[in-house]
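Structure file target.pdb with PDB, C-alpha atoms and all ligand atoms:
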```
ATOM      1  CA  MET A 578       0.204  -1.735 -16.510  1.00  0.00           C
ATOM      2  CA  PRO A 579      -2.896   0.006 -17.867  1.00  0.00           C
ATOM      3  CA  ALA A 580      -2.661   2.700 -20.540  1.00  0.00           C
ATOM      4  CA  SER A 581      -2.769   5.263 -17.791  1.00  0.00           C
ATOM      5  CA  PRO A 582      -0.864   3.932 -14.801  1.00  0.00           C
ATOM      6  CA  PRO A 583      -1.522   5.158 -11.262  1.00  0.00           C
ATOM      7  CA  ALA A 584       0.268   8.360 -10.251  1.00  0.00           C
ATOM      8  CA  PHE A 585       1.452   6.490  -7.163  1.00  0.00           C
ATOM      9  CA  VAL A 586       0.900   3.300  -5.224  1.00  0.00           C
ATOM     10  CA  ALA A 587       0.848   3.799  -1.469  1.00  0.00           C
ATOM     11  CA  VAL A 588       1.005   0.770   0.790  1.00  0.00           C
ATOM     12  CA  ASP A 589       0.267   0.174   4.430  1.00  0.00           C
ATOM     13  CA  TRP A 590       2.927  -1.960   6.120  1.00  0.00           C
ATOM     14  CA  ASN A 591       1.715  -4.398   8.810  1.00  0.00           C
ATOM     15  CA  GLY A 592      -0.779  -6.833   7.324  1.00  0.00           C
ATOM     16  CA  THR A 593       0.005  -5.593   3.825  1.00  0.00           C
ATOM     17  CA  VAL A 594       3.727  -5.891   3.080  1.00  0.00           C
ATOM     18  CA  VAL A 595       4.666  -7.872   6.196  1.00  0.00           C
ATOM     19  CA  PRO A 596       2.500  -9.578   8.817  1.00  0.00           C
ATOM     20  CA  PHE A 597       4.150  -7.365  11.440  1.00  0.00           C
ATOM     21  CA  PHE A 598       7.315  -5.339  12.037  1.00  0.00           C
ATOM     22  CA  GLY A 599      10.391  -7.561  12.001  1.00  0.00           C
ATOM     23  CA  LEU A 600       8.786 -10.458  10.129  1.00  0.00           C
ATOM     24  CA  ASP A 601       9.422 -11.716   6.621  1.00  0.00           C
ATOM     25  CA  PRO A 602       7.389 -10.038   3.878  1.00  0.00           C
ATOM     26  CA  TYR A 603       4.422 -11.801   2.321  1.00  0.00           C
ATOM     27  CA  PRO A 604       5.413 -13.921  -0.695  1.00  0.00           C
ATOM     28  CA  ASP A 605       5.866 -11.863  -3.877  1.00  0.00           C
ATOM     29  CA  ALA A 606       5.257  -8.548  -2.062  1.00  0.00           C
ATOM     30  CA  LEU A 607       8.702  -7.091  -2.639  1.00  0.00           C
ATOM     31  CA  ALA A 608       8.994  -8.422  -6.182  1.00  0.00           C
ATOM     32  CA  THR A 609       5.581  -7.044  -7.121  1.00  0.00           C
ATOM     33  CA  LEU A 610       6.241  -3.623  -5.633  1.00  0.00           C
ATOM     34  CA  GLY A 611       9.722  -3.520  -7.120  1.00  0.00           C
ATOM     35  CA  ARG A 612       8.400  -4.348 -10.570  1.00  0.00           C
ATOM     36  CA  LEU A 613       5.750  -1.665 -10.282  1.00  0.00           C
ATOM     37  CA  ARG A 614       8.283   0.951  -9.293  1.00  0.00           C
ATOM     38  CA  ALA A 615      10.674  -0.150 -12.028  1.00  0.00           C
ATOM     39  CA  SER A 616       7.843   0.479 -14.490  1.00  0.00           C
ATOM     40  CA  GLY A 617       7.783   4.094 -13.321  1.00  0.00           C
ATOM     41  CA  VAL A 618       5.065   4.115 -10.661  1.00  0.00           C
ATOM     42  CA  PRO A 619       6.150   5.985  -7.510  1.00  0.00           C
ATOM     43  CA  LEU A 620       5.965   3.803  -4.424  1.00  0.00           C
ATOM     44  CA  VAL A 621       5.018   5.250  -1.048  1.00  0.00           C
ATOM     45  CA  VAL A 622       4.802   3.576   2.353  1.00  0.00           C
ATOM     46  CA  VAL A 623       2.225   4.956   4.777  1.00  0.00           C
ATOM     47  CA  SER A 624       2.230   3.221   8.141  1.00  0.00           C
ATOM     48  CA  ARG A 625       0.711   3.953  11.495  1.00  0.00           C
ATOM     49  CA  ALA A 626       4.092   3.969  13.183  1.00  0.00           C
ATOM     50  CA  HIS A 627       6.827   6.165  14.512  1.00  0.00           C
ATOM     51  CA  PRO A 628       8.631   7.642  11.485  1.00  0.00           C
ATOM     52  CA  ARG A 629      11.919   6.063  12.527  1.00  0.00           C
ATOM     53  CA  THR A 630      10.322   2.648  13.063  1.00  0.00           C
ATOM     54  CA  ILE A 631       8.876   2.477   9.589  1.00  0.00           C
ATOM     55  CA  ARG A 632      11.991   3.941   7.956  1.00  0.00           C
ATOM     56  CA  ASP A 633      14.044   1.208   9.642  1.00  0.00           C
ATOM     57  CA  GLU A 634      11.578  -1.447   8.497  1.00  0.00           C
ATOM     58  CA  VAL A 635      11.654  -0.323   4.872  1.00  0.00           C
ATOM     59  CA  ALA A 636      15.462  -0.278   5.003  1.00  0.00           C
ATOM     60  CA  ARG A 637      15.501  -3.732   6.633  1.00  0.00           C
ATOM     61  CA  LEU A 638      13.778  -5.222   3.600  1.00  0.00           C
ATOM     62  CA  ALA A 639      15.758  -3.016   1.197  1.00  0.00           C
ATOM     63  CA  LEU A 640      12.532  -1.854  -0.393  1.00  0.00           C
ATOM     64  CA  ASP A 641      13.095   1.112  -2.695  1.00  0.00           C
ATOM     65  CA  ALA A 642      10.347   3.594  -1.848  1.00  0.00           C
ATOM     66  CA  ASP A 643       9.975   7.164  -3.057  1.00  0.00           C
ATOM     67  CA  GLU A 644       8.452   8.279   0.247  1.00  0.00           C
ATOM     68  CA  VAL A 645       8.085   6.694   3.667  1.00  0.00           C
ATOM     69  CA  HIS A 646       5.593   8.117   6.151  1.00  0.00           C
ATOM     70  CA  GLY A 647       5.069   7.091   9.745  1.00  0.00           C
ATOM     71  CA  VAL A 648       1.919   8.801  10.963  1.00  0.00           C
ATOM     72  CA  LEU A 649      -0.992   8.525  13.366  1.00  0.00           C
ATOM     73  CA  ASP A 650      -3.566   9.493  10.750  1.00  0.00           C
ATOM     74  CA  LYS A 651      -3.091   8.270   7.178  1.00  0.00           C
ATOM     75  CA  ALA A 652      -5.810  10.370   5.544  1.00  0.00           C
ATOM     76  CA  PRO A 653      -3.914  13.692   5.432  1.00  0.00           C
ATOM     77  CA  VAL A 654      -0.845  12.018   3.926  1.00  0.00           C
ATOM     78  CA  LEU A 655      -2.978  10.331   1.280  1.00  0.00           C
ATOM     79  CA  ALA A 656      -4.696  13.622   0.483  1.00  0.00           C
ATOM     80  CA  ASP A 657      -1.307  15.351   0.159  1.00  0.00           C
ATOM     81  CA  LEU A 658      -0.073  12.577  -2.138  1.00  0.00           C
ATOM     82  CA  ALA A 659      -3.130  12.903  -4.356  1.00  0.00           C
ATOM     83  CA  ALA A 660      -2.711  16.687  -4.505  1.00  0.00           C
ATOM     84  CA  ALA A 661       0.990  16.462  -5.318  1.00  0.00           C
ATOM     85  CA  ARG A 662       1.088  13.437  -7.602  1.00  0.00           C
ATOM     86  CA  GLY A 663      -2.419  12.875  -8.960  1.00  0.00           C
ATOM     87  CA  ARG A 664      -4.632   9.792  -8.984  1.00  0.00           C
ATOM     88  CA  GLY A 665      -2.995   6.977  -7.085  1.00  0.00           C
ATOM     89  CA  VAL A 666      -4.205   4.088  -4.984  1.00  0.00           C
ATOM     90  CA  PHE A 667      -3.825   3.052  -1.367  1.00  0.00           C
ATOM     91  CA  VAL A 668      -3.346  -0.597  -0.460  1.00  0.00           C
ATOM     92  CA  GLY A 669      -4.204  -1.634   3.086  1.00  0.00           C
ATOM     93  CA  ASP A 670      -5.701  -4.412   5.158  1.00  0.00           C
ATOM     94  CA  THR A 671      -8.021  -2.728   7.660  1.00  0.00           C
ATOM     95  CA  ALA A 672     -11.322  -0.887   7.614  1.00  0.00           C
ATOM     96  CA  SER A 673      -9.517   2.152   8.979  1.00  0.00           C
ATOM     97  CA  ASP A 674      -7.180   2.036   5.974  1.00  0.00           C
ATOM     98  CA  GLN A 675     -10.203   2.078   3.735  1.00  0.00           C
ATOM     99  CA  ALA A 676     -11.732   4.941   5.730  1.00  0.00           C
ATOM    100  CA  ALA A 677      -8.515   6.952   5.380  1.00  0.00           C
ATOM    101  CA  ALA A 678      -8.464   6.382   1.625  1.00  0.00           C
ATOM    102  CA  ARG A 679     -12.096   7.376   1.382  1.00  0.00           C
ATOM    103  CA  ALA A 680     -11.509  10.538   3.400  1.00  0.00           C
ATOM    104  CA  ALA A 681      -8.660  11.444   1.048  1.00  0.00           C
ATOM    105  CA  ASP A 682     -10.665  10.471  -2.077  1.00  0.00           C
ATOM    106  CA  VAL A 683      -7.974   7.965  -3.032  1.00  0.00           C
ATOM    107  CA  PRO A 684      -9.057   4.600  -4.545  1.00  0.00           C
ATOM    108  CA  PHE A 685      -8.528   1.694  -2.144  1.00  0.00           C
ATOM    109  CA  VAL A 686      -7.359  -1.871  -2.691  1.00  0.00           C
ATOM    110  CA  GLN A 687      -7.879  -4.367   0.135  1.00  0.00           C
ATOM    111  CA  ALA A 688      -5.000  -6.684   1.010  1.00  0.00           C
ATOM    112  CA  ARG A 689      -6.435  -9.992   2.335  1.00  0.00           C
ATOM    113  CA  LEU A 690      -3.145 -11.796   2.851  1.00  0.00           C
ATOM    114  CA  GLU A 691      -4.334 -13.328   6.118  1.00  0.00           C
ATOM    115  CA  GLY A 692      -7.475 -14.567   4.383  1.00  0.00           C
ATOM    116  CA  GLY A 693      -9.925 -12.375   6.260  1.00  0.00           C
ATOM    117  CA  PRO A 694     -13.291 -11.336   4.825  1.00  0.00           C
ATOM    118  CA  ALA A 695     -13.594  -8.976   1.889  1.00  0.00           C
ATOM    119  CA  PHE A 696     -14.984  -5.542   2.711  1.00  0.00           C
ATOM    120  CA  GLY A 697     -17.039  -6.052  -0.431  1.00  0.00           C
ATOM    121  CA  ASP A 698     -16.843  -2.566  -1.866  1.00  0.00           C
ATOM    122  CA  ALA A 699     -13.177  -2.515  -2.849  1.00  0.00           C
ATOM    123  CA  PRO A 700     -11.048  -4.600  -5.185  1.00  0.00           C
ATOM    124  CA  ASP A 701      -9.064  -7.103  -3.146  1.00  0.00           C
ATOM    125  CA  PHE A 702      -6.317  -9.685  -3.456  1.00  0.00           C
ATOM    126  CA  LEU A 703      -5.338 -12.739  -1.444  1.00  0.00           C
ATOM    127  CA  ARG A 704      -1.793 -13.088  -2.787  1.00  0.00           C
ATOM    128  CA  TRP A 705       0.590 -10.402  -4.023  1.00  0.00           C
ATOM    129  CA  ALA A 706       0.876 -12.358  -7.277  1.00  0.00           C
ATOM    130  CA  ASP A 707      -2.722 -11.242  -7.917  1.00  0.00           C
ATOM    131  CA  PHE A 708      -2.224  -7.615  -6.954  1.00  0.00           C
ATOM    132  CA  GLU A 709      -2.105  -6.187 -10.441  1.00  0.00           C
ATOM    133  CA  THR A 710      -5.584  -7.484 -11.247  1.00  0.00           C
ATOM    134  CA  ALA A 711      -6.981  -5.701  -8.176  1.00  0.00           C
ATOM    135  CA  LEU A 712      -5.047  -2.565  -9.046  1.00  0.00           C
ATOM    136  CA  LEU A 713      -6.509  -2.521 -12.552  1.00  0.00           C
ATOM    137  CA  ALA A 714     -10.002  -2.964 -11.097  1.00  0.00           C
ATOM    138  CA  ALA A 715      -9.477  -0.039  -8.723  1.00  0.00           C
ATOM    139  CA  LEU A 716      -8.290   2.185 -11.544  1.00  0.00           C
ATOM    140  CA  ALA A 717     -11.119   1.107 -13.843  1.00  0.00           C
ATOM    141  CA  ALA A 718     -13.673   1.908 -11.130  1.00  0.00           C
ATOM    142  CA  VAL A 719     -12.591   5.548 -11.025  1.00  0.00           C
ATOM    143  CA  GLY A 720     -12.307   5.846 -14.813  1.00  0.00           C
TER
HETATM  144 MG    MG B   1      -2.165  -2.806   8.328  1.00  0.00          MG
END
```

Now, as a test, write the supplied structure out as structure tokens.
Ligand SMILES: [Mg+2]
Amino acid sequence: MPASPPAFVAVDWNGTVVPFFGLDPYPDALATLGRLRASGVPLVVVSRAHPRTIRDEVARLALDADEVHGVLDKAPVLADLAAARGRGVFVGDTASDQAAARAADVPFVQARLEGGPAFGDAPDFLRWADFETALLAALAAVG
């Protein structure tokens, strides 16, 4: 972790932690997120889903999260998180995830676990084992 760790790490679910509801997580996803949280970084799940659906999914994988949000629009949740907790990051796989982060003024990290193209203007990672490098880049970019 950097000298000043993120105030939170928020993650999208489908395409970021798992390929889709009900499927196995991406390799190293749970271990990486668990390690981060064990180091003291609050972990938040923000998914475009019914609240009960995403709560059940997080429980299914026994992921310890500080907050779980199932919403239609991620930007207001991200803005609330930033206001309440300070400078965190949002990790997601779609352009709309990046747009939500931008709208909330929260640094974005692109998950490219399916090997799709890089958006080009955000730190990215292809495997969860490489997440921390992208996280550090996102934090360095905002100073
Ligand atoms: Mg997604």

Worksheet item: Which is closest to Val623 of chain A among A:Lys651, A:Arg679, A:Arg637, A:Arg689, if we use all atoms listed in the file?
Response: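 Selected residue with least distance to Val623 of chain A: A:Lys651.
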
Worksheet entry | Env. residues ligand MG 1 (chain B) / 6 Å / all atoms listed in the file / as a list of chain:residue names | A:Asp589, A:Trp590, A:Asn591, A:Gly592, A:Thr593, A:Gly669, A:Asp670, A:Thr671

Could I get the residues of segment 636-711 of chain A with an atom no further than 7 Å from an atom of segment 598-609 of chain A, each paired with its nearest atom pair and that distance in Å to one decimal, using only C-alpha atoms, sorted by chain and residue number, as CSV?
```
residue,atom,partner,partner_atom,distance
A:Leu640,CA,A:Leu607,CA,6.9
A:Trp705,CA,A:Ala606,CA,5.4
A:Ala706,CA,A:Asp605,CA,6.1
```

Item to complete: Might you spell out which residues the PyMOL selection byres (((chain A and resi 620) around 12) and not hetatm) would select in the displayed file, as a count of residues only?
Response: 36

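Every polymer residue reaching to within 12 Å of (-14.2, 0.3, 8.0), counting all atoms listed in the file, appears in this list: Gly669, Asp670, Thr671, Ala672, Ser673, Asp674, Gln675, Ala676, Ala677, Ala678, Arg679, Ala680, Phe685, Gln687, Ala695, Phe696, Gly697, Asp698 and Ala699 of chain A.
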
Item to complete: List the residues selected by the PyMOL selection byres (((chain A and resi 625) around 7) and not hetatm) in the file shown, writing them as a ChimeraX atom specification.
Response: /A:623-624,626,647-649

Item to complete: Have a look at atom CA of Pro653 of chain A and atom CA of Gly692 of chain A and let me know their distance in Å, one decimal.
Response: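 Atom CA of Gly692 of chain A lies at a distance of 28.5 Å from atom CA of Pro653 of chain A.
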
Item to complete: Within 12 Å of (-8.9, -1.5, -16.2) (coordinates as in the file), grab all the protein and nucleic acid residues, counting all atoms listed in the file, and write them out as a ChimeraX atom specification.
Response: /A:578-583,700,709-720

Discussion item. Here is a test: counting all atoms listed in the file, which residue of A:Ala660, A:Ala681, A:Leu638, A:Val686 is nearest to Leu703 of chain A?
Written reply: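 Ranking A:Ala660, A:Ala681, A:Leu638, A:Val686 by distance to Leu703 of chain A, first place goes to A:Val686.
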
Worksheet entry | Between atom CA of Pro684 of chain A and atom CA of Val654 of chain A - distance in Å to one decimal |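 Atom CA of Pro684 of chain A lies at a distance of 13.9 Å from atom CA of Val654 of chain A.
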
Worksheet item: Rounded to one decimal in Å, what is the spacing between atom CA of Val595 of chain A and atom CA of Phe708 of chain A?
Response: 14.8 Å

Worksheet item: Counting all atoms listed in the file, which of A:Pro628, A:Leu690, A:Asp707, A:Val683 gets nearest to Ala656 of chain A?
Response: A:Val683
